[in-house]
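Q: Input protein-v4.cif, format and content: mmCIF, C-alpha atoms.
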data_final
#
loop_
_atom_site.label_atom_id
_atom_site.label_comp_id
_atom_site.auth_asym_id
_atom_site.auth_seq_id
_atom_site.Cartn_x
_atom_site.Cartn_y
_atom_site.Cartn_z
CA MET A 1 12.99 39.83 24.74
CA HIS A 2 15.26 40.63 21.76
CA LYS A 3 13.89 42.63 18.86
CA GLY A 4 15.36 40.25 16.31
CA LEU A 5 17.34 41.22 13.23
CA LYS A 6 17.38 44.96 12.54
CA SER A 7 18.78 44.61 9.02
CA LEU A 8 18.73 41.72 6.60
CA GLU A 9 20.10 41.24 3.11
CA ILE A 10 18.67 38.53 0.84
CA ARG A 11 20.76 36.73 -1.76
CA PHE A 12 19.66 33.93 -4.06
CA SER A 13 23.11 32.46 -4.53
CA GLU A 14 23.34 29.10 -2.70
CA PRO A 15 23.34 26.30 -5.35
CA HIS A 16 23.45 23.26 -3.06
CA LEU A 17 20.40 23.49 -0.79
CA THR A 18 17.53 21.02 -0.57
CA HIS A 19 14.26 20.67 1.33
CA TYR A 20 14.70 16.89 1.27
CA GLY A 21 18.10 16.16 2.78
CA GLY A 22 16.84 12.86 4.16
CA MET A 23 16.15 11.51 0.67
CA VAL A 24 19.80 10.51 0.72
CA LEU A 25 18.62 7.50 2.78
CA ILE A 26 16.13 6.35 0.12
CA HIS A 27 18.62 7.05 -2.67
CA ARG A 28 21.38 5.12 -0.89
CA PHE A 29 19.01 2.20 -0.28
CA CYS A 30 17.91 2.15 -3.94
CA ASN A 31 21.56 2.20 -5.02
CA ARG A 32 22.35 -0.85 -2.88
CA LEU A 33 19.22 -2.46 -4.28
CA GLY A 34 20.59 -1.87 -7.77
CA LEU A 35 17.25 -0.39 -8.78
CA ARG A 36 18.51 1.70 -11.71
CA ARG A 37 20.39 -1.25 -13.18
CA MET A 38 17.36 -3.53 -12.75
CA ILE A 39 15.14 -1.00 -14.53
CA GLN A 40 17.59 -0.74 -17.41
CA ARG A 41 17.77 -4.53 -17.77
CA GLN A 42 14.15 -5.55 -17.18
CA VAL A 43 12.06 -2.65 -18.48
CA SER A 44 13.26 -2.63 -22.08
CA SER A 45 10.23 -1.15 -23.84
CA PHE A 46 10.66 2.40 -22.45
CA GLU A 47 11.20 5.27 -24.88
CA HIS A 48 13.67 8.09 -24.33
CA VAL A 49 12.02 11.44 -23.57
CA GLY A 50 14.19 14.44 -24.38
CA ASP A 51 17.64 14.22 -22.81
CA TYR A 52 16.59 11.75 -20.10
CA ASP A 53 16.93 7.99 -20.16
CA PRO A 54 13.85 6.00 -19.06
CA ALA A 55 15.45 4.63 -15.88
CA THR A 56 16.15 8.17 -14.65
CA LEU A 57 12.57 9.30 -15.35
CA LEU A 58 11.10 6.29 -13.53
CA LEU A 59 13.35 6.95 -10.52
CA VAL A 60 12.31 10.62 -10.58
CA PHE A 61 8.65 9.55 -10.46
CA LEU A 62 9.33 7.17 -7.58
CA TYR A 63 11.23 9.80 -5.59
CA ALA A 64 8.61 12.49 -6.25
CA ILE A 65 5.87 10.17 -4.96
CA ILE A 66 7.88 9.29 -1.84
CA MET A 67 8.60 12.98 -1.14
CA GLY A 68 4.89 13.75 -1.21
CA LEU A 69 4.55 15.76 -4.43
CA LYS A 70 0.90 15.10 -5.17
CA ARG A 71 0.82 16.03 -8.85
CA VAL A 72 3.20 15.97 -11.79
CA HIS A 73 3.02 19.74 -12.25
CA LYS A 74 3.99 20.31 -8.61
CA THR A 75 7.59 19.17 -9.12
CA GLU A 76 8.87 22.72 -9.77
CA ILE A 77 10.09 22.78 -6.16
CA LEU A 78 12.78 20.28 -7.17
CA GLN A 79 14.10 22.44 -10.03
CA TYR A 80 16.19 24.52 -7.62
CA ASN A 81 17.05 21.82 -5.05
CA GLY A 82 20.72 21.67 -5.96
CA ALA A 83 21.72 19.02 -3.43
CA PHE A 84 18.84 16.80 -4.49
CA LEU A 85 19.92 17.04 -8.14
CA LYS A 86 23.49 16.16 -7.16
CA LEU A 87 22.30 13.11 -5.25
CA LEU A 88 20.44 11.86 -8.33
CA GLY A 89 23.30 12.73 -10.66
CA LEU A 90 21.15 15.19 -12.65
CA HIS A 91 22.25 18.50 -14.12
CA ARG A 92 18.65 19.70 -14.13
CA PHE A 93 15.33 18.27 -13.02
CA PRO A 94 12.85 17.17 -15.75
CA ASP A 95 10.09 19.74 -16.27
CA ARG A 96 6.45 18.79 -15.96
CA SER A 97 5.91 18.42 -19.73
CA THR A 98 8.76 15.88 -19.87
CA LEU A 99 7.26 13.89 -17.00
CA ARG A 100 3.81 13.94 -18.57
CA ARG A 101 5.14 12.81 -21.95
CA PHE A 102 7.02 9.99 -20.25
CA LEU A 103 3.86 8.81 -18.47
CA LYS A 104 1.70 9.06 -21.60
CA ARG A 105 4.19 7.16 -23.77
CA LEU A 106 4.16 4.10 -21.52
CA GLN A 107 2.57 1.12 -23.28
CA PRO A 108 0.90 -1.97 -21.78
CA GLN A 109 4.13 -3.92 -22.32
CA SER A 110 6.03 -1.34 -20.23
CA ILE A 111 3.44 -1.58 -17.46
CA ARG A 112 3.74 -5.37 -17.39
CA GLN A 113 7.52 -5.04 -17.15
CA ILE A 114 7.20 -2.59 -14.22
CA VAL A 115 4.92 -5.09 -12.44
CA THR A 116 7.38 -7.91 -13.17
CA LEU A 117 10.23 -5.77 -11.80
CA HIS A 118 8.18 -5.12 -8.64
CA ASP A 119 7.48 -8.85 -8.24
CA ARG A 120 11.16 -9.70 -8.68
CA LEU A 121 12.19 -7.19 -6.02
CA ARG A 122 9.60 -8.60 -3.64
CA HIS A 123 10.87 -12.12 -4.30
CA LEU A 124 14.49 -11.07 -3.69
CA LEU A 125 13.63 -9.39 -0.39
CA PHE A 126 11.04 -11.90 0.79
CA ARG A 127 13.34 -13.52 3.37
CA SER A 128 15.05 -10.33 4.53
CA PRO A 129 15.66 -9.87 7.37
CA GLY A 130 14.19 -13.24 8.43
CA SER A 131 12.49 -16.24 6.86
CA ARG A 132 8.70 -16.65 6.67
CA THR A 133 6.81 -19.91 6.71
CA SER A 134 3.22 -18.60 6.41
CA LEU A 135 1.34 -15.75 4.73
CA VAL A 136 -1.87 -13.87 5.51
CA PHE A 137 -3.43 -11.86 2.68
CA ASP A 138 -5.95 -9.06 3.20
CA LEU A 139 -8.17 -8.24 0.22
CA ASP A 140 -10.05 -4.99 -0.22
CA SER A 141 -11.27 -2.52 -2.81
CA VAL A 142 -11.46 1.26 -2.61
CA VAL A 143 -13.52 3.86 -4.48
CA LEU A 144 -11.34 6.63 -5.96
CA VAL A 145 -13.48 9.59 -6.96
CA VAL A 146 -12.00 11.38 -9.98
CA TYR A 147 -12.68 14.74 -11.58
CA GLY A 148 -13.19 15.39 -15.26
CA ARG A 149 -13.88 12.75 -17.87
CA LYS A 150 -11.06 10.35 -17.19
CA GLN A 151 -11.03 7.31 -19.44
CA GLY A 152 -12.38 4.23 -17.66
CA ALA A 153 -13.92 6.25 -14.83
CA GLN A 154 -17.55 5.29 -14.31
CA VAL A 155 -20.38 6.09 -11.96
CA GLY A 156 -20.30 3.24 -9.47
CA TYR A 157 -21.70 2.39 -6.05
CA ASN A 158 -20.44 5.09 -3.71
CA PRO A 159 -22.93 5.88 -0.89
CA LYS A 160 -20.88 8.86 0.33
CA LYS A 161 -20.72 10.57 -3.10
CA PRO A 162 -23.45 9.05 -5.29
CA GLY A 163 -23.34 9.85 -8.97
CA ARG A 164 -19.60 10.64 -9.02
CA ARG A 165 -17.27 9.11 -11.59
CA SER A 166 -14.61 6.90 -10.03
CA TYR A 167 -12.12 4.08 -10.28
CA HIS A 168 -12.48 1.00 -8.09
CA PRO A 169 -9.06 -0.68 -7.67
CA LEU A 170 -8.59 -4.06 -6.05
CA LEU A 171 -5.70 -4.40 -3.57
CA ALA A 172 -3.99 -7.19 -1.63
CA PHE A 173 -1.51 -6.77 1.25
CA GLU A 174 0.48 -9.34 3.17
CA ALA A 175 -0.80 -8.65 6.66
CA ARG A 176 2.07 -9.55 8.97
CA HIS A 177 4.65 -7.37 7.21
CA GLN A 178 2.18 -4.88 5.65
CA GLU A 179 3.82 -5.50 2.30
CA PHE A 180 1.87 -4.72 -0.86
CA TRP A 181 1.33 -7.92 -2.84
CA HIS A 182 -0.89 -7.31 -5.88
CA GLY A 183 -3.16 -4.62 -7.31
CA SER A 184 -5.52 -4.01 -10.20
CA LEU A 185 -7.03 -0.71 -11.35
CA ARG A 186 -10.67 -1.17 -12.40
CA PRO A 187 -13.52 1.05 -13.65
CA GLY A 188 -15.90 2.47 -11.06
CA LYS A 189 -18.80 0.15 -11.91
CA ALA A 190 -16.82 -2.96 -11.00
CA ALA A 191 -18.22 -4.73 -7.93
CA SER A 192 -15.86 -5.76 -5.15
CA ALA A 193 -15.77 -9.38 -6.35
CA THR A 194 -15.41 -8.58 -10.07
CA GLY A 195 -12.27 -10.30 -11.30
CA ALA A 196 -11.47 -11.49 -7.78
CA VAL A 197 -10.75 -15.12 -8.68
CA PRO A 198 -8.06 -14.26 -11.32
CA PHE A 199 -6.77 -11.67 -8.86
CA ILE A 200 -6.37 -14.30 -6.12
CA LYS A 201 -4.69 -16.63 -8.63
CA ARG A 202 -2.08 -13.92 -9.27
CA CYS A 203 -1.55 -13.52 -5.52
CA LEU A 204 -0.97 -17.24 -5.14
CA ALA A 205 1.31 -17.37 -8.18
CA LYS A 206 3.65 -14.88 -6.47
CA VAL A 207 3.99 -17.01 -3.33
CA PRO A 208 7.40 -18.75 -3.05
CA LYS A 209 7.19 -22.44 -3.84
CA ASP A 210 8.34 -23.56 -0.39
CA ILE A 211 5.33 -21.96 1.35
CA ALA A 212 2.71 -24.71 1.71
CA ARG A 213 -0.84 -23.91 0.63
CA SER A 214 -2.03 -24.91 4.10
CA ARG A 215 0.08 -22.03 5.49
CA ILE A 216 -1.70 -19.38 3.41
CA ARG A 217 -4.82 -17.57 4.61
CA PHE A 218 -7.08 -14.87 3.17
CA ARG A 219 -9.24 -12.30 4.96
CA ALA A 220 -11.92 -10.26 3.18
CA ASP A 221 -15.13 -8.34 3.79
CA SER A 222 -18.62 -9.29 2.62
CA GLY A 223 -18.02 -7.90 -0.88
CA PHE A 224 -15.91 -11.02 -1.53
CA CYS A 225 -18.40 -13.53 -0.14
CA SER A 226 -19.41 -15.27 -3.35
CA ARG A 227 -19.71 -18.89 -4.43
CA ARG A 228 -16.92 -18.64 -7.02
CA ILE A 229 -14.41 -17.16 -4.56
CA VAL A 230 -15.19 -19.52 -1.68
CA GLU A 231 -15.16 -22.63 -3.87
CA PHE A 232 -11.91 -21.55 -5.52
CA LEU A 233 -10.23 -21.08 -2.12
CA ASP A 234 -11.56 -24.46 -1.01
CA ALA A 235 -10.15 -26.10 -4.14
CA GLU A 236 -6.75 -24.44 -3.55
CA ARG A 237 -6.78 -25.69 0.05
CA VAL A 238 -5.98 -22.30 1.53
CA GLY A 239 -7.61 -20.93 4.66
CA TYR A 240 -10.00 -18.00 4.68
CA VAL A 241 -12.29 -15.90 6.83
CA ILE A 242 -14.81 -13.85 4.84
CA VAL A 243 -17.60 -11.74 6.30
CA ALA A 244 -20.95 -13.29 5.37
CA ARG A 245 -23.59 -11.55 3.34
CA LEU A 246 -26.53 -11.15 5.66
CA TYR A 247 -29.35 -12.85 3.81
CA PRO A 248 -32.49 -13.45 5.94
CA PRO A 249 -31.81 -17.21 6.42
CA ILE A 250 -28.30 -16.46 7.67
CA LYS A 251 -29.58 -13.83 10.11
CA LYS A 252 -32.19 -16.26 11.41
CA LEU A 253 -29.64 -19.04 11.95
CA ALA A 254 -27.16 -16.61 13.53
CA CYS A 255 -29.68 -15.35 16.08
CA GLY A 256 -31.29 -18.71 16.87
CA GLY A 257 -28.25 -20.89 17.46
CA ARG A 258 -26.52 -22.01 20.63
CA PHE A 259 -23.85 -19.75 22.09
CA GLU A 260 -20.86 -20.26 24.33
CA LYS A 261 -20.40 -17.40 26.79
CA LEU A 262 -16.90 -15.98 27.22
CA GLU A 263 -15.35 -14.30 30.24
CA ASN A 264 -15.46 -10.86 28.59
CA GLY A 265 -19.25 -11.04 28.20
CA TRP A 266 -19.18 -11.86 24.48
CA GLU A 267 -20.74 -15.03 23.08
CA VAL A 268 -19.69 -17.23 20.15
CA GLY A 269 -21.38 -19.95 18.13
CA THR A 270 -21.34 -21.78 14.80
CA PHE A 271 -23.81 -23.20 12.31
CA GLN A 272 -23.78 -24.95 8.94
CA PHE A 273 -25.52 -23.39 5.96
CA GLN A 274 -25.59 -23.93 2.21
CA PRO A 275 -26.50 -20.72 0.33
CA PRO A 276 -28.43 -21.11 -2.93
CA HIS A 277 -26.31 -22.44 -5.84
CA TRP A 278 -23.36 -23.29 -3.54
CA LEU A 279 -22.18 -26.87 -3.95
CA LYS A 280 -22.04 -27.78 -0.26
CA PRO A 281 -22.74 -26.41 3.24
CA HIS A 282 -20.11 -24.23 4.87
CA ARG A 283 -19.24 -23.38 8.44
CA TYR A 284 -20.43 -19.99 9.66
CA VAL A 285 -19.03 -18.37 12.79
CA VAL A 286 -21.13 -16.01 14.89
CA VAL A 287 -19.84 -13.55 17.48
CA ARG A 288 -22.29 -11.45 19.46
CA ARG A 289 -21.97 -8.89 22.24
CA PRO A 290 -24.37 -6.71 24.23
CA ILE A 291 -25.17 -3.41 22.50
CA PRO A 292 -22.66 -0.83 23.81
CA GLU A 293 -24.04 1.95 25.96
CA ASP A 294 -21.91 4.49 24.12
CA PRO A 295 -23.97 5.50 21.04
CA ILE A 296 -20.84 6.49 19.10
CA GLU A 297 -19.27 3.05 19.64
CA ALA A 298 -22.54 1.35 18.71
CA LYS A 299 -22.76 3.37 15.49
CA GLN A 300 -19.21 2.43 14.47
CA LEU A 301 -19.85 -1.31 14.71
CA ASN A 302 -20.15 -2.87 11.26
CA LEU A 303 -22.62 -5.49 12.53
CA PHE A 304 -26.34 -6.15 12.58
CA GLN A 305 -28.48 -5.82 15.69
CA HIS A 306 -31.12 -8.17 17.05
CA GLY A 307 -32.64 -7.87 20.49
CA ASN A 308 -30.03 -6.73 22.98
CA TYR A 309 -27.06 -7.90 20.92
CA VAL A 310 -24.99 -6.94 17.92
CA TYR A 311 -23.80 -9.79 15.68
CA HIS A 312 -20.86 -10.47 13.39
CA VAL A 313 -21.11 -13.44 11.01
CA SER A 314 -18.33 -14.86 8.84
CA VAL A 315 -17.78 -17.97 6.73
CA SER A 316 -14.54 -19.87 7.24
CA ASN A 317 -12.87 -23.20 6.55
CA LEU A 318 -10.43 -22.85 9.46
CA ALA A 319 -10.71 -25.55 12.13
CA LEU A 320 -10.35 -23.07 14.97
CA HIS A 321 -12.45 -22.05 17.95
CA PRO A 322 -14.94 -19.32 16.90
CA TRP A 323 -13.32 -16.76 19.18
CA ARG A 324 -9.90 -17.39 17.63
CA ILE A 325 -11.42 -16.94 14.16
CA TRP A 326 -12.90 -13.61 15.28
CA ARG A 327 -9.57 -12.50 16.71
CA PHE A 328 -7.80 -13.55 13.53
CA TYR A 329 -10.22 -11.61 11.33
CA SER A 330 -10.13 -8.48 13.52
CA GLY A 331 -6.48 -8.03 12.53
CA ARG A 332 -7.70 -7.19 9.03
CA ALA A 333 -8.44 -3.65 10.23
CA ILE A 334 -4.83 -2.79 9.37
CA ILE A 335 -5.65 -2.79 5.65
CA GLU A 336 -7.85 0.26 6.24
CA LYS A 337 -4.76 2.09 7.49
CA ASN A 338 -2.77 0.97 4.45
CA ILE A 339 -5.45 2.23 2.05
CA ARG A 340 -5.77 5.57 3.85
CA GLU A 341 -1.99 5.91 3.60
CA LEU A 342 -2.10 5.24 -0.15
CA ILE A 343 -4.79 7.88 -0.64
CA TYR A 344 -3.51 10.64 1.66
CA ASP A 345 0.26 10.11 2.06
CA TYR A 346 0.78 8.80 -1.46
CA PRO A 347 -1.07 10.44 -4.37
CA LEU A 348 -3.44 7.53 -5.11
CA GLY A 349 -6.34 9.96 -4.77
CA ASP A 350 -4.85 12.27 -7.44
CA ILE A 351 -4.99 10.32 -10.71
CA PRO A 352 -2.86 12.49 -13.05
CA THR A 353 -4.11 12.11 -16.65
CA GLN A 354 -7.31 11.71 -18.67
CA ASP A 355 -6.16 8.48 -20.36
CA TRP A 356 -6.55 4.95 -19.05
CA ILE A 357 -3.13 3.42 -19.86
CA PRO A 358 -1.05 6.26 -18.30
CA ASN A 359 -3.27 6.09 -15.22
CA VAL A 360 -2.70 2.32 -14.92
CA ALA A 361 1.05 2.98 -15.25
CA PHE A 362 0.89 5.64 -12.54
CA PHE A 363 -1.06 3.24 -10.30
CA HIS A 364 1.66 0.56 -10.52
CA ILE A 365 4.54 3.04 -10.16
CA LEU A 366 2.88 4.33 -6.98
CA LEU A 367 2.55 0.80 -5.58
CA LEU A 368 6.24 0.17 -6.30
CA ALA A 369 7.07 3.38 -4.39
CA TYR A 370 4.95 2.10 -1.47
CA ASP A 371 6.98 -1.10 -1.25
CA ILE A 372 10.32 0.70 -1.60
CA VAL A 373 9.44 2.71 1.52
CA HIS A 374 8.22 -0.47 3.22
CA TRP A 375 11.46 -2.34 2.47
CA PHE A 376 13.49 0.65 3.65
CA LYS A 377 11.61 0.66 6.97
CA ARG A 378 11.96 -3.10 7.31
CA LEU A 379 15.67 -3.31 6.53
CA CYS A 380 17.16 0.02 7.63
CA LEU A 381 15.08 1.34 10.54
CA PRO A 382 14.43 -0.10 14.03
CA ARG A 383 11.68 -2.69 14.22
CA GLU A 384 9.29 -0.39 16.04
CA TYR A 385 9.32 1.96 13.03
CA LEU A 386 7.86 -0.65 10.66
CA HIS A 387 4.25 0.41 11.27
CA LEU A 388 4.84 4.14 10.88
CA THR A 389 3.09 5.81 7.95
CA LEU A 390 4.96 7.51 5.13
CA ASP A 391 3.81 10.90 6.43
CA THR A 392 5.57 10.20 9.75
CA ILE A 393 8.69 8.80 8.05
CA ARG A 394 8.73 11.82 5.77
CA SER A 395 8.55 14.32 8.63
CA MET A 396 11.11 12.42 10.77
CA PHE A 397 13.72 11.52 8.16
CA LEU A 398 13.09 12.72 4.60
CA ALA A 399 11.89 16.35 4.68
CA ILE A 400 14.99 17.78 6.36
CA PRO A 401 16.67 20.99 5.15
CA ALA A 402 20.26 20.31 4.15
CA ARG A 403 23.27 21.80 2.40
CA LEU A 404 25.72 19.82 0.30
CA THR A 405 29.35 20.92 0.68
CA LYS A 406 32.75 19.61 -0.23
CA GLN A 407 35.64 19.25 2.21
CA GLY A 408 38.74 18.27 0.29
CA SER A 409 37.74 15.25 -1.80
CA ARG A 410 34.76 14.35 0.43
CA ASN A 411 31.13 15.29 -0.12
CA VAL A 412 29.46 16.36 3.14
CA LEU A 413 25.71 16.73 3.64
CA CYS A 414 25.13 19.26 6.43
CA LEU A 415 21.91 18.73 8.40
CA PRO A 416 20.39 20.89 11.19
CA LYS A 417 22.41 20.94 14.41
CA ASP A 418 19.45 20.25 16.71
CA TYR A 419 17.86 17.57 14.54
CA PRO A 420 16.22 15.20 17.09
CA HIS A 421 16.72 11.84 15.29
CA GLN A 422 20.46 11.95 14.64
CA GLY A 423 21.18 8.49 16.03
CA GLN A 424 18.46 6.78 13.98
CA PHE A 425 19.48 8.73 10.86
CA ARG A 426 23.12 7.69 11.14
CA ALA A 427 22.16 4.07 11.80
CA ALA A 428 19.81 4.01 8.78
CA PHE A 429 22.48 5.58 6.57
CA SER A 430 24.99 2.96 7.69
CA LYS A 431 22.57 0.04 7.20
CA ALA A 432 21.52 1.28 3.76
CA GLY A 433 25.18 1.37 2.75
CA ARG A 434 26.13 -2.05 4.14
CA TRP A 435 23.04 -3.99 3.09
CA ARG A 436 23.34 -6.42 0.18
CA VAL A 437 20.70 -7.91 -2.09
CA PRO A 438 20.29 -11.63 -1.28
CA LYS A 439 21.38 -13.95 -4.08
#
Output the structure of this file as structure tokens.
A:
Amino acid sequence: MHKGLKSLEIRFSEPHLTHYGGMVLIHRFCNRLGLRRMIQRQVSSFEHVGDYDPATLLLVFLYAIIMGLKRVHKTEILQYNGAFLKLLGLHRFPDRSTLRRFLKRLQPQSIRQIVTLHDRLRHLLFRSPGSRTSLVFDLDSVVLVVYGRKQGAQVGYNPKKPGRRSYHPLLAFEARHQEFWHGSLRPGKAASATGAVPFIKRCLAKVPKDIARSRIRFRADSGFCSRRIVEFLDAERVGYVIVARLYPPIKKLACGGRFEKLENGWEVGTFQFQPPHWLKPHRYVVVRRPIPEDPIEAKQLNLFQHGNYVYHVSVSNLALHPWRIWRFYSGRAIIEKNIRELIYDYPLGDIPTQDWIPNVAFFHILLLAYDIVHWFKRLCLPREYLHLTLDTIRSMFLAIPARLTKQGSRNVLCLPKDYPHQGQFRAAFSKAGRWRVPK
């Protein structure tokens, strides 16, 4: 075994190193997207902060979020990343006070313009790489516990951390492509269904006109099982599967009905029921299975127990066999992964300021960053990479040490010799450079 280096001299003299050599892929993709130009044209209410134009500061925020810098004051690491600054065309990286002033100067009009920009990008890329004829939306809300007296944070219903101040945003994802669709930051006291009908209207307003209403479906948990939501979806003639609220009459009907036994040992059934104040009866679907012998598995089931069975009850207007409705709804579990990714891989759990408007702005900038990564995966990486989390993409492609050099008139980004994903990296770099925004 060798003893290693016997002598070592340290010099802080290399100006073109970066921890994030792979960010060249995201930067190249955003350039082909024309993101800076779109910001300059469509987000006109930004103010200049110091020597930086608003489009540059917004791109810096997006890149910092994608790279995994959890807080604004943690961006010092980019001050001495010479190659990263060259890629962005910056002489120096904005300090944390500049970034905070930029965030705090954003007005409601600027936030609306950022959301409109996000919607326009989604519309432009909707049919890339292939057309879609149907959409499935997953709705959910998440409790974000905050620290300090942040404006708009309230003590809400949080069984894991009762009495803690929080925000309670509402989120919608398009399930088949895992694309973020619409979001709303709300105070902590807001119930799951608060503002849900206007929220769903916004989701539907963003759907391309050639997608028929009959080809749109919503999935949601019991927090969204209310008369207003169900009757609105019925009136819009869109499909839905929503977990039922387990009132005693519903439990009684679920346990006492007729069941069809399936080959896997599960049983399914249906019944009609009109909850109080609802205008008409609705179809309820029941799925039951024997209580698992494994106590851990039994504890994880989000169902109610009766006798030797555990039950799952949902309300739906889909004319499908009960088992197919159950299978369709079970795919909603993917939204839990998306929300965990937003909290842990993106800094959704680290709301940066004490003021409401800057926090709303940060919320929507973060969601735009989420979709930029999603579109990059969808358009530049192999299909099997689409479901990878940002943390995995970051470790595989973005957080790579690199050195920027010049050979003649050519800029050369030198990456590690034994880097294991060279083929995928080169292919992504090539695709990001060739790709064109659809007209």
Q: Would you mind telling me which residue in A:Leu415, A:Ile393, A:Ala191, A:Ile351 lies nearest to Ile66 of chain A when using all atoms listed in the file?
A: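 The closest residue to Ile66 of chain A is A:Ile393.
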Q: Name every residue that the PyMOL selection byres ((chain A and resi 244-254) around 6) selects in this structure, writing the answer as a PyMOL selection string with chains first and numbers rising.
A: chain A and resi 222+243+255-257+313-315
Q: Can you spell out as an NGL selection string the set of residues that the PyMOL selection byres ((chain A and resi 24-36) around 9) selects in the structure I just provided?
A: :A and (20-23 or 37-41 or 55-56 or 58-59 or 63 or 66 or 84 or 87-88 or 121 or 372-373 or 376 or 380 or 397-398 or 425 or 428-429 or 431-437)
Q: So the first atom is atom CA of Gly130 of chain A and the second is atom CA of Arg219 of chain A; what is the distance between them in Å, to one decimal place?
A: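 Spanning atom CA of Gly130 of chain A to atom CA of Arg219 of chain A is a straight-line distance of 23.7 Å.
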Q: Which residues match the PyMOL selection byres ((chain A and resi 169) around 9) in the file above, as number ranges by chain?
A: A: 140-144, 167-168, 170-171, 183-188, 190, 192
Q: Using only C-alpha atoms, which residue out of A:Arg410, A:Pro94, A:Gln424, A:Phe102 lies closest to Arg383 of chain A?
A: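 Using only C-alpha atoms, the shortest distance to Arg383 of chain A belongs to A:Gln424.
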Q: Counting only C-alpha atoms, which residues of segment 152-223 of chain A fall within 8 Å of segment 316-338 of chain A, and what is the closest atom pair for each with its distance in Å at one decimal, ordered by chain and rising number, as CSV?
A:
residue,atom,partner,partner_atom,distance
A:Phe173,CA,A:Ile335,CA,7.2
A:Ala175,CA,A:Arg332,CA,7.4
A:Gln178,CA,A:Asn338,CA,7.8
A:Arg219,CA,A:Tyr329,CA,6.5
A:Ala220,CA,A:Arg332,CA,7.8
Q: Go ahead and write the residues just picked, C-alpha atoms, as an mmCIF file, in the coordinates of the input.
A:
data_model
loop_
_atom_site.group_PDB
_atom_site.id
_atom_site.type_symbol
_atom_site.label_atom_id
_atom_site.label_comp_id
_atom_site.auth_asym_id
_atom_site.auth_seq_id
_atom_site.Cartn_x
_atom_site.Cartn_y
_atom_site.Cartn_z
ATOM 1 C CA PHE A 173 -1.510 -6.770 1.250
ATOM 2 C CA ALA A 175 -0.800 -8.650 6.660
ATOM 3 C CA GLN A 178 2.180 -4.880 5.650
ATOM 4 C CA ARG A 219 -9.240 -12.300 4.960
ATOM 5 C CA ALA A 220 -11.920 -10.260 3.180
#
Q: How far is it from atom CA of Pro281 of chain A to atom CA of Ser226 of chain A, in Å with one decimal?
A: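 So the answer is 13.4 Å.
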Q: So how far away is atom CA of Arg237 of chain A from atom CA of Lys209 of chain A, in Å?
A: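 Between atom CA of Lys209 of chain A and atom CA of Arg237 of chain A the gap is 14.9 Å.
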Q: So that I can see what lies close to Glu236 of chain A, please list as a VMD selection string the residues with an atom at most 10 Å from it, counting all atoms listed in the file and leaving out residues fewer than 3 positions away in the same chain.
A: chain A and resid 201 204 213 to 214 216 230 to 233 239
Q: Counting all atoms listed in the file, which residue out of A:Arg122, A:His421, A:Lys261, A:Arg71 sits closest to Tyr370 of chain A?
A: A:Arg122
